[in-house]
Amino acid sequence: MCFLLAVNVIGQRMDFYAMLHAFSLIGIMYRRRRKAIAEIWPKYCCFLACLLTWQYFVCIGIPPAACKDYPWRFPNSAMDSNIIKWLYLPDFHTNPNPILLVYDFMLLLCASLQRNIFEEENKAAVRLMAGDNVEICRDLDAASFSVHNPVPDFIHSRSYLDMLKVIMFSYLFWFVLTIIFITGTTRISIFCLGYIVGCFYFLLFGGELLLKPIKKIIHYWDFLIAYNVFVITMKNILSILACGYINVLVVNNCWLIQLLSLACTIKDYKEIMLLKVFHLLHLSSPSVFSIHLLHLLHLSS
């Protein structure tokens, strides 16, 4: 749940602090094992708390009564409103959006609850009543897993819940591959190519993949999850190009926009972007202006 909220924060923000969330997500996912993640989870909660506190002070900013502007608004500064917004800097002209702090707070709340769960798992009384919440049969063969599993097998349905489990665990593999294929074919970019290659690689094994040793199955899925997190991180990093420098890229590097599928998903950037592109192109000839305008409208749609 915390990982889903972290991805949601990244998708809702798409700015500098979202990039920090993406890097922290990579650091946590790199640990892989639940026990290893539990060891660094308090540091992650501290990171989220410090980040939220800092952003709160950024939203407050300096008092306007001081009659002083920020350095990035000096006449000799090369930073425009889009870059300031992406960096989430305090500004009198483009105020930071305080609503984004709600997403960070929800992530911090969920992470704090998860920290309590990790602490409860280390208590002997809880382990005695609920058992150890650790991986079992990691090195066993999936085909003989039921022999070593002390839990009754739900394949032989005894209730509607068992039937639901059979449907979920029997077809979830194909459902995931369908989502991967849709993700790879929705847009044409170098990132989507990786999804398509991964989808067909899993289809090459088919259902036989689920009969391989569990350690090998997890190894394959680790690569898929790692690539997914990598794409999320790169999309967030490249959002500074899509939201801050799209006017320059439209004129000089349209191929780069298509290759990386650059698109600003945050609406607040687009009005500023359109005004800047119009200002940039109004001195061009009518034909050149029309061509660039069509490119811009196509990318914004």
# chains A, B, ... in the order shown; residues from 1 in each chain; ligands from 1

$ select_by_dssp --residues "stretch 27-207 of chain A" --states "alpha helix (DSSP H)" --output "PyMOL selection string"
chain A and resi 27-31+34-60+81-87+100-121+124-130+145-148+160-186+190-205

$ closest_atom_pairs --of "stretch 26-54 of chain A" --to "stretch 97-105 of chain A" --cutoff "12 Å" --atoms "only C-alpha atoms" --output "CSV"
residue,atom,partner,partner_atom,distance
A:Cys45,CA,A:Phe105,CA,11.0
A:Phe47,CA,A:Asp104,CA,11.2
A:Leu48,CA,A:Asp104,CA,7.5
A:Ala49,CA,A:Phe105,CA,8.4
A:Cys50,CA,A:Asp104,CA,10.9
A:Leu51,CA,A:Asp104,CA,8.5
A:Leu52,CA,A:Asp104,CA,6.5
A:Thr53,CA,A:Leu101,CA,9.5
A:Trp54,CA,A:Leu101,CA,10.5

$ residues_around --residues "stretch 164-176 of chain A" --least-positions-apart "2" --cutoff "10 Å" --atoms "only C-alpha atoms" --output "PDB file with N, CA and C atoms, in the first residue's frame"
ATOM      1  N   PHE A 154      -6.052 -24.621  -1.513  1.00  0.00           N
ATOM      2  CA  PHE A 154      -7.341 -24.063  -1.911  1.00  0.00           C
ATOM      3  C   PHE A 154      -7.719 -24.464  -3.336  1.00  0.00           C
ATOM      4  N   ILE A 155      -6.846 -25.199  -4.019  1.00  0.00           N
ATOM      5  CA  ILE A 155      -7.163 -25.619  -5.383  1.00  0.00           C
ATOM      6  C   ILE A 155      -8.406 -26.501  -5.398  1.00  0.00           C
ATOM      7  N   HIS A 156      -8.502 -27.391  -4.411  1.00  0.00           N
ATOM      8  CA  HIS A 156      -9.703 -28.210  -4.277  1.00  0.00           C
ATOM      9  C   HIS A 156     -10.735 -27.379  -3.518  1.00  0.00           C
ATOM     10  N   SER A 157     -11.563 -26.681  -4.260  1.00  0.00           N
ATOM     11  CA  SER A 157     -12.443 -25.657  -3.706  1.00  0.00           C
ATOM     12  C   SER A 157     -13.398 -26.243  -2.675  1.00  0.00           C
ATOM     13  N   SER A 159     -15.063 -23.656  -0.697  1.00  0.00           N
ATOM     14  CA  SER A 159     -15.930 -22.512  -0.429  1.00  0.00           C
ATOM     15  C   SER A 159     -15.799 -21.530  -1.586  1.00  0.00           C
ATOM     16  N   TYR A 160     -16.640 -20.498  -1.543  1.00  0.00           N
ATOM     17  CA  TYR A 160     -16.569 -19.470  -2.575  1.00  0.00           C
ATOM     18  C   TYR A 160     -15.259 -18.686  -2.486  1.00  0.00           C
ATOM     19  N   LEU A 161     -14.722 -18.566  -1.277  1.00  0.00           N
ATOM     20  CA  LEU A 161     -13.438 -17.886  -1.125  1.00  0.00           C
ATOM     21  C   LEU A 161     -12.325 -18.665  -1.817  1.00  0.00           C
ATOM     22  N   ASP A 162     -12.370 -19.995  -1.707  1.00  0.00           N
ATOM     23  CA  ASP A 162     -11.382 -20.816  -2.412  1.00  0.00           C
ATOM     24  C   ASP A 162     -11.525 -20.674  -3.922  1.00  0.00           C
ATOM     25  N   THR A 178      -1.275  -8.784 -19.796  1.00  0.00           N
ATOM     26  CA  THR A 178      -2.165  -7.940 -20.601  1.00  0.00           C
ATOM     27  C   THR A 178      -1.944  -6.466 -20.294  1.00  0.00           C
ATOM     28  N   ILE A 179      -1.811  -6.143 -19.014  1.00  0.00           N
ATOM     29  CA  ILE A 179      -1.558  -4.752 -18.622  1.00  0.00           C
ATOM     30  C   ILE A 179      -0.216  -4.275 -19.171  1.00  0.00           C
ATOM     31  N   ILE A 180       0.795  -5.147 -19.124  1.00  0.00           N
ATOM     32  CA  ILE A 180       2.110  -4.775 -19.655  1.00  0.00           C
ATOM     33  C   ILE A 180       2.029  -4.513 -21.155  1.00  0.00           C
ATOM     34  N   PHE A 181       1.293  -5.363 -21.864  1.00  0.00           N
ATOM     35  CA  PHE A 181       1.166  -5.185 -23.314  1.00  0.00           C
ATOM     36  C   PHE A 181       0.422  -3.896 -23.647  1.00  0.00           C
ATOM     37  N   ILE A 182      -0.644  -3.603 -22.906  1.00  0.00           N
ATOM     38  CA  ILE A 182      -1.387  -2.358 -23.139  1.00  0.00           C
ATOM     39  C   ILE A 182      -0.503  -1.151 -22.844  1.00  0.00           C
ATOM     40  N   CYS A 199       7.019  -8.298 -22.175  1.00  0.00           N
ATOM     41  CA  CYS A 199       5.767  -9.039 -22.306  1.00  0.00           C
ATOM     42  C   CYS A 199       5.950 -10.287 -23.162  1.00  0.00           C
ATOM     43  N   PHE A 202       7.969 -13.016 -21.378  1.00  0.00           N
ATOM     44  CA  PHE A 202       7.173 -13.820 -20.453  1.00  0.00           C
ATOM     45  C   PHE A 202       6.219 -14.744 -21.208  1.00  0.00           C
ATOM     46  N   LEU A 203       5.689 -14.269 -22.328  1.00  0.00           N
ATOM     47  CA  LEU A 203       4.808 -15.126 -23.126  1.00  0.00           C
ATOM     48  C   LEU A 203       5.561 -16.306 -23.720  1.00  0.00           C
ATOM     49  N   GLY A 206       5.194 -18.769 -21.013  1.00  0.00           N
ATOM     50  CA  GLY A 206       3.804 -19.130 -20.778  1.00  0.00           C
ATOM     51  C   GLY A 206       3.582 -19.596 -19.346  1.00  0.00           C
ATOM     52  N   GLY A 207       2.655 -20.529 -19.192  1.00  0.00           N
ATOM     53  CA  GLY A 207       2.344 -21.038 -17.861  1.00  0.00           C
ATOM     54  C   GLY A 207       3.455 -21.861 -17.249  1.00  0.00           C
ATOM     55  N   LEU A 209       6.348 -20.941 -16.712  1.00  0.00           N
ATOM     56  CA  LEU A 209       7.139 -20.091 -15.823  1.00  0.00           C
ATOM     57  C   LEU A 209       6.741 -20.295 -14.369  1.00  0.00           C
ATOM     58  N   LEU A 210       5.458 -20.533 -14.129  1.00  0.00           N
ATOM     59  CA  LEU A 210       4.965 -20.693 -12.766  1.00  0.00           C
ATOM     60  C   LEU A 210       5.367 -22.028 -12.153  1.00  0.00           C
TER      61      LEU A 210
END

$ atom_distance --atom1 "atom CA of A:Lys215" --atom2 "atom CA of A:Ile37"
18.5 Å

$ residues_around --residues "stretch 69-72 of chain A" --least-positions-apart "6" --cutoff "10 Å" --atoms "only C-alpha atoms" --output "number ranges by chain"
A: 61-62, 78-81, 83-84, 89-93

$ write_last_selection --atoms "N, CA and C atoms" --output "mmCIF file, in the first residue's frame"
data_model
loop_
_atom_site.group_PDB
_atom_site.id
_atom_site.type_symbol
_atom_site.label_atom_id
_atom_site.label_comp_id
_atom_site.auth_asym_id
_atom_site.auth_seq_id
_atom_site.Cartn_x
_atom_site.Cartn_y
_atom_site.Cartn_z
ATOM 1 N N GLY A 61 7.135 30.564 2.674
ATOM 2 C CA GLY A 61 8.031 31.535 2.058
ATOM 3 C C GLY A 61 8.388 32.676 2.997
ATOM 4 N N ILE A 62 9.031 33.674 2.445
ATOM 5 C CA ILE A 62 9.383 34.853 3.231
ATOM 6 C C ILE A 62 8.207 35.826 3.228
ATOM 7 N N ALA A 78 17.919 33.373 -15.339
ATOM 8 C CA ALA A 78 17.462 32.680 -16.552
ATOM 9 C C ALA A 78 16.324 31.706 -16.277
ATOM 10 N N MET A 79 15.862 31.609 -15.045
ATOM 11 C CA MET A 79 14.802 30.662 -14.689
ATOM 12 C C MET A 79 13.437 31.279 -14.974
ATOM 13 N N ASP A 80 12.578 30.494 -15.625
ATOM 14 C CA ASP A 80 11.230 30.972 -15.887
ATOM 15 C C ASP A 80 10.254 30.323 -14.908
ATOM 16 N N SER A 81 8.983 30.622 -15.070
ATOM 17 C CA SER A 81 7.972 30.160 -14.116
ATOM 18 C C SER A 81 7.815 28.644 -14.124
ATOM 19 N N ILE A 83 10.168 26.335 -14.677
ATOM 20 C CA ILE A 83 11.273 25.715 -13.941
ATOM 21 C C ILE A 83 11.103 25.943 -12.443
ATOM 22 N N ILE A 84 10.676 27.132 -12.075
ATOM 23 C CA ILE A 84 10.446 27.424 -10.655
ATOM 24 C C ILE A 84 9.359 26.525 -10.095
ATOM 25 N N LEU A 89 9.857 25.881 -5.794
ATOM 26 C CA LEU A 89 10.525 26.936 -5.049
ATOM 27 C C LEU A 89 9.506 27.971 -4.589
ATOM 28 N N PRO A 90 9.757 28.624 -3.471
ATOM 29 C CA PRO A 90 8.859 29.712 -3.053
ATOM 30 C C PRO A 90 8.934 30.863 -4.040
ATOM 31 N N ASP A 91 7.793 31.424 -4.346
ATOM 32 C CA ASP A 91 7.752 32.463 -5.366
ATOM 33 C C ASP A 91 6.488 33.286 -5.177
ATOM 34 N N PHE A 92 6.602 34.589 -5.421
ATOM 35 C CA PHE A 92 5.439 35.464 -5.299
ATOM 36 C C PHE A 92 4.581 35.448 -6.559
ATOM 37 N N HIS A 93 5.179 35.126 -7.695
ATOM 38 C CA HIS A 93 4.445 35.134 -8.952
ATOM 39 C C HIS A 93 3.776 33.782 -9.222
#

$ closest_residue --among "A:Leu262, A:Met106, A:Leu193, A:Ala36" --to "A:Val9" --atoms "only C-alpha atoms"
A:Met106

$ closest_atom_pairs --of "stretch 197-240 of chain A" --to "stretch 1-7 of chain A" --cutoff "12 Å" --atoms "only C-alpha atoms" --output "JSON lines"
{"residue": "A:Ile225", "atom": "CA", "partner": "A:Phe3", "partner_atom": "CA", "distance": 11.7}
{"residue": "A:Asn228", "atom": "CA", "partner": "A:Val7", "partner_atom": "CA", "distance": 10.7}
{"residue": "A:Val229", "atom": "CA", "partner": "A:Val7", "partner_atom": "CA", "distance": 8.9}
{"residue": "A:Phe230", "atom": "CA", "partner": "A:Val7", "partner_atom": "CA", "distance": 11.9}
{"residue": "A:Val231", "atom": "CA", "partner": "A:Val7", "partner_atom": "CA", "distance": 11.5}
{"residue": "A:Ile232", "atom": "CA", "partner": "A:Val7", "partner_atom": "CA", "distance": 8.0}
{"residue": "A:Thr233", "atom": "CA", "partner": "A:Val7", "partner_atom": "CA", "distance": 9.7}
{"residue": "A:Lys235", "atom": "CA", "partner": "A:Val7", "partner_atom": "CA", "distance": 11.9}
{"residue": "A:Asn236", "atom": "CA", "partner": "A:Val7", "partner_atom": "CA", "distance": 10.7}

$ write_last_selection --atoms "N, CA and C atoms" --output "PDB file, in the first residue's frame"
ATOM      1  N   ILE A 225       9.753  -5.547 -12.130  1.00  0.00           N
ATOM      2  CA  ILE A 225       9.459  -4.469 -11.181  1.00  0.00           C
ATOM      3  C   ILE A 225      10.547  -3.401 -11.232  1.00  0.00           C
ATOM      4  N   ASN A 228      10.035  -1.260 -14.197  1.00  0.00           N
ATOM      5  CA  ASN A 228       8.880  -0.389 -13.989  1.00  0.00           C
ATOM      6  C   ASN A 228       9.253   0.820 -13.139  1.00  0.00           C
ATOM      7  N   VAL A 229       9.980   0.587 -12.049  1.00  0.00           N
ATOM      8  CA  VAL A 229      10.415   1.691 -11.189  1.00  0.00           C
ATOM      9  C   VAL A 229      11.390   2.599 -11.936  1.00  0.00           C
ATOM     10  N   PHE A 230      12.237   2.000 -12.765  1.00  0.00           N
ATOM     11  CA  PHE A 230      13.178   2.795 -13.566  1.00  0.00           C
ATOM     12  C   PHE A 230      12.433   3.726 -14.522  1.00  0.00           C
ATOM     13  N   VAL A 231      11.395   3.217 -15.179  1.00  0.00           N
ATOM     14  CA  VAL A 231      10.622   4.043 -16.113  1.00  0.00           C
ATOM     15  C   VAL A 231       9.911   5.172 -15.367  1.00  0.00           C
ATOM     16  N   ILE A 232       9.352   4.862 -14.202  1.00  0.00           N
ATOM     17  CA  ILE A 232       8.679   5.899 -13.409  1.00  0.00           C
ATOM     18  C   ILE A 232       9.664   7.002 -13.032  1.00  0.00           C
ATOM     19  N   THR A 233      10.859   6.600 -12.619  1.00  0.00           N
ATOM     20  CA  THR A 233      11.869   7.585 -12.227  1.00  0.00           C
ATOM     21  C   THR A 233      12.318   8.427 -13.417  1.00  0.00           C
ATOM     22  N   LYS A 235      10.679   9.003 -16.213  1.00  0.00           N
ATOM     23  CA  LYS A 235       9.580   9.870 -16.638  1.00  0.00           C
ATOM     24  C   LYS A 235       9.509  11.118 -15.764  1.00  0.00           C
ATOM     25  N   ASN A 236       9.749  10.936 -14.475  1.00  0.00           N
ATOM     26  CA  ASN A 236       9.710  12.083 -13.575  1.00  0.00           C
ATOM     27  C   ASN A 236      10.887  13.025 -13.823  1.00  0.00           C
TER      28      ASN A 236
END

$ atom_distance --atom1 "atom CA of A:Asn76" --atom2 "atom CA of A:Ile266"
27.7 Å

$ closest_residue --among "A:Asn253, A:Asn82, A:Thr94, A:Thr186" --to "A:Ser239" --atoms "only C-alpha atoms"
A:Asn82

$ residues_around --residues "A:Met19" --least-positions-apart "3" --cutoff "10 Å" --atoms "only C-alpha atoms" --output "list in words"
Ile10, Arg13, Met14, Asp15, Phe16, Ala22, Phe23, Ser24, Leu25, Ile232, Thr233, Met234, Lys235, Asn236, Ile237, Leu238 and Ser239 of chain A

$ write_last_selection --atoms "N, CA and C atoms" --output "PDB file, in the first residue's frame"
ATOM      1  N   ILE A  10       4.300  10.478  -6.820  1.00  0.00           N
ATOM      2  CA  ILE A  10       5.158  10.814  -7.958  1.00  0.00           C
ATOM      3  C   ILE A  10       4.315  11.246  -9.155  1.00  0.00           C
ATOM      4  N   ARG A  13       2.646  14.771  -8.539  1.00  0.00           N
ATOM      5  CA  ARG A  13       3.538  15.923  -8.421  1.00  0.00           C
ATOM      6  C   ARG A  13       4.346  16.151  -9.692  1.00  0.00           C
ATOM      7  N   MET A  14       5.118  15.161 -10.108  1.00  0.00           N
ATOM      8  CA  MET A  14       5.994  15.265 -11.281  1.00  0.00           C
ATOM      9  C   MET A  14       6.882  16.501 -11.187  1.00  0.00           C
ATOM     10  N   ASP A  15       7.583  16.634 -10.075  1.00  0.00           N
ATOM     11  CA  ASP A  15       8.489  17.752  -9.885  1.00  0.00           C
ATOM     12  C   ASP A  15       9.751  17.256  -9.185  1.00  0.00           C
ATOM     13  N   PHE A  16      10.529  18.186  -8.651  1.00  0.00           N
ATOM     14  CA  PHE A  16      11.800  17.828  -8.027  1.00  0.00           C
ATOM     15  C   PHE A  16      11.601  16.916  -6.820  1.00  0.00           C
ATOM     16  N   ALA A  22      11.006   9.161  -5.892  1.00  0.00           N
ATOM     17  CA  ALA A  22      11.347   8.053  -6.788  1.00  0.00           C
ATOM     18  C   ALA A  22      12.673   7.415  -6.386  1.00  0.00           C
ATOM     19  N   PHE A  23      13.656   8.229  -6.040  1.00  0.00           N
ATOM     20  CA  PHE A  23      14.946   7.684  -5.615  1.00  0.00           C
ATOM     21  C   PHE A  23      14.819   6.910  -4.303  1.00  0.00           C
ATOM     22  N   SER A  24      14.003   7.418  -3.389  1.00  0.00           N
ATOM     23  CA  SER A  24      13.789   6.689  -2.135  1.00  0.00           C
ATOM     24  C   SER A  24      13.069   5.368  -2.390  1.00  0.00           C
ATOM     25  N   LEU A  25      12.152   5.365  -3.354  1.00  0.00           N
ATOM     26  CA  LEU A  25      11.464   4.118  -3.705  1.00  0.00           C
ATOM     27  C   LEU A  25      12.443   3.099  -4.277  1.00  0.00           C
ATOM     28  N   ILE A 232       9.352   4.862 -14.202  1.00  0.00           N
ATOM     29  CA  ILE A 232       8.679   5.899 -13.409  1.00  0.00           C
ATOM     30  C   ILE A 232       9.664   7.002 -13.032  1.00  0.00           C
ATOM     31  N   THR A 233      10.859   6.600 -12.619  1.00  0.00           N
ATOM     32  CA  THR A 233      11.869   7.585 -12.227  1.00  0.00           C
ATOM     33  C   THR A 233      12.318   8.427 -13.417  1.00  0.00           C
ATOM     34  N   MET A 234      12.567   7.786 -14.550  1.00  0.00           N
ATOM     35  CA  MET A 234      13.019   8.521 -15.726  1.00  0.00           C
ATOM     36  C   MET A 234      11.931   9.450 -16.254  1.00  0.00           C
ATOM     37  N   LYS A 235      10.679   9.003 -16.213  1.00  0.00           N
ATOM     38  CA  LYS A 235       9.580   9.870 -16.638  1.00  0.00           C
ATOM     39  C   LYS A 235       9.509  11.118 -15.764  1.00  0.00           C
ATOM     40  N   ASN A 236       9.749  10.936 -14.475  1.00  0.00           N
ATOM     41  CA  ASN A 236       9.710  12.083 -13.575  1.00  0.00           C
ATOM     42  C   ASN A 236      10.887  13.025 -13.823  1.00  0.00           C
ATOM     43  N   ILE A 237      12.074  12.461 -14.042  1.00  0.00           N
ATOM     44  CA  ILE A 237      13.237  13.305 -14.306  1.00  0.00           C
ATOM     45  C   ILE A 237      13.065  14.066 -15.621  1.00  0.00           C
ATOM     46  N   LEU A 238      12.541  13.372 -16.630  1.00  0.00           N
ATOM     47  CA  LEU A 238      12.357  13.999 -17.937  1.00  0.00           C
ATOM     48  C   LEU A 238      11.186  14.973 -17.962  1.00  0.00           C
ATOM     49  N   SER A 239      10.391  14.992 -16.895  1.00  0.00           N
ATOM     50  CA  SER A 239       9.266  15.930 -16.871  1.00  0.00           C
ATOM     51  C   SER A 239       9.734  17.381 -16.855  1.00  0.00           C
TER      52      SER A 239
END

$ atom_distance --atom1 "atom CA of A:His219" --atom2 "atom CA of A:Lys43"
26.7 Å
